[in-house]
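Enquirer: Take a look at the following structure, please.
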Amino acid sequence: KSPVLFIRDMSQAMVTAFGTDSSSATLPVTMLCCEKYGIPTQITKFVLPLGATVNMNGTALYEALTVIFIAQRHSVPLGIGHLFVVAATSCLAAIGAAAIPSAGLVTMVMVLQATGLDQYSADLSIIFAIDWALDRCRTTVNVLSDSIGAAIVHHVCFGGSSNRAQGHEGGYQMAERTSPATVDVEQGADSADSGAPGVADGAELVKRK
């Protein structure tokens, strides 16, 4: 499907993420939207809770841009090595951040210390004034990226909805086939039926004697 149609189907989860400002609080709505889109339940129950904790794309971008902003505010030059450290540390800090509102501000100190800008930690008070709005936007990005991840896993594992439907039909056909254990039971029942006359004949011989 078109990405625009996918985003439209996930609009309810995105609005909920913007309103609640929490990926964990939006998780039931995200799972519901993905299941309505056609993603199997076993994928949504595995990918989405994992993504709500680990997949923090918006938080990683937010922390990297904020550190670069603080460095430019104090005219501190950042070389290629510093930028690489900022990118790597922001990703690791985003993974460790909790799925609660404004959790990125806590892990931002780690990124500042890694780049040697911890003496400018007081500038986080400037970011805190507008963080309530920025956090809602990056939470929406996180929830959308979780849904995209679930859709990608669905496409890779099942090859889309058509192949998934074929897989279910094949499973139903396999279920309708008789299992070997059932065949053995049926054969045993036939053997018991065939052996019943022999038992009756033996009983008659005993009576005659």
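Ordering of the structure tokens sets the chain letters (A, B, ...), residue numbers begin anew at 1 in every chain, and ligands are numbered from 1 in the order given.
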Could you list, as an NGL selection string, every residue within 12 Å of Val86 (chain A), counting only C-alpha atoms and ignoring same-chain residues fewer than 5 positions away?

Expert: :A and (60-69 or 71 or 78-81 or 91-94 or 108-117)

Enquirer: For the selection you just gave me, I'd like the residues written to a file as a compact mmCIF listing (two decimals), in the first residue's frame, keeping C-alpha atoms.

Expert:
# COMPACT_ATOMS: atom_id res chain seq x y z
CA ALA A 60 17.54 10.10 19.37
CA LEU A 61 17.10 12.92 16.84
CA TYR A 62 15.98 15.31 19.57
CA GLU A 63 18.98 14.66 21.80
CA ALA A 64 21.51 14.94 18.96
CA LEU A 65 20.05 18.22 17.69
CA THR A 66 19.83 19.66 21.20
CA VAL A 67 23.49 18.92 21.96
CA ILE A 68 24.56 20.49 18.65
CA PHE A 69 22.38 23.52 19.46
CA ALA A 71 27.48 23.65 21.33
CA LEU A 78 32.38 20.02 16.88
CA GLY A 79 34.52 17.93 14.56
CA ILE A 80 33.64 14.72 12.75
CA GLY A 81 34.67 12.66 15.76
CA CYS A 91 21.02 6.38 19.96
CA LEU A 92 22.19 4.49 23.06
CA ALA A 93 20.61 7.03 25.40
CA ALA A 94 17.33 6.87 23.47
CA MET A 108 20.49 14.21 27.56
CA VAL A 109 23.02 14.78 30.32
CA MET A 110 24.79 11.57 29.28
CA VAL A 111 25.19 12.89 25.74
CA LEU A 112 26.55 16.21 27.02
CA GLN A 113 29.10 14.43 29.22
CA ALA A 114 30.20 12.18 26.35
CA THR A 115 30.96 15.20 24.17
CA GLY A 116 32.62 17.23 26.93
CA LEU A 117 29.80 19.77 27.19

Enquirer: Give me, as CSV, each residue of region 58-143 of chain A that comes within 12 Å of region 8-22 of chain A, together with its shortest interatomic pair and the distance in Å at one decimal, counting only C-alpha atoms, with rows ordered by chain and rising residue number.

Expert:
residue,atom,partner,partner_atom,distance
A:Thr59,CA,A:Ser22,CA,11.9
A:Ala97,CA,A:Ser22,CA,11.9
A:Ala98,CA,A:Ser22,CA,9.5
A:Ala99,CA,A:Ser22,CA,6.0
A:Ile100,CA,A:Ser22,CA,5.2
A:Pro101,CA,A:Asp21,CA,5.7
A:Ser102,CA,A:Asp21,CA,8.5
A:Ala103,CA,A:Ser22,CA,9.9
A:Gly104,CA,A:Ser22,CA,11.9
A:Asp131,CA,A:Asp21,CA,11.0
A:Trp132,CA,A:Asp21,CA,8.5
A:Ala133,CA,A:Phe18,CA,9.1
A:Leu134,CA,A:Asp21,CA,9.8
A:Asp135,CA,A:Asp21,CA,6.7
A:Arg136,CA,A:Phe18,CA,4.8
A:Cys137,CA,A:Phe18,CA,6.4
A:Arg138,CA,A:Phe18,CA,8.6
A:Thr139,CA,A:Ala17,CA,6.0
A:Thr140,CA,A:Ala17,CA,5.3
A:Val141,CA,A:Met14,CA,8.0
A:Asn142,CA,A:Ala17,CA,8.8
A:Val143,CA,A:Met14,CA,6.6

Enquirer: With only C-alpha atoms as the basis for distance, which of A:Val76, A:Ala52, A:Thr89, A:His155 is at the shortest distance from Thr26 (chain A)?

Expert: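 Looking at the shortest contact to Thr26 (chain A), the residue is A:Ala52.
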
Enquirer: So, with only C-alpha atoms as the atoms that count, which of A:Val156, A:Val54, A:Leu48, A:Leu105 lies closest to Pro28 (chain A)?

Expert: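 Looking at the shortest contact to Pro28 (chain A), the residue is A:Leu48.
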
Enquirer: Taking only C-alpha atoms into account, name the residue in A:Ile95, A:Ile7, A:Cys33, A:Leu50 that is nearest to Thr107 (chain A).

Expert: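 Result for the nearest residue to Thr107 (chain A): A:Ile95.
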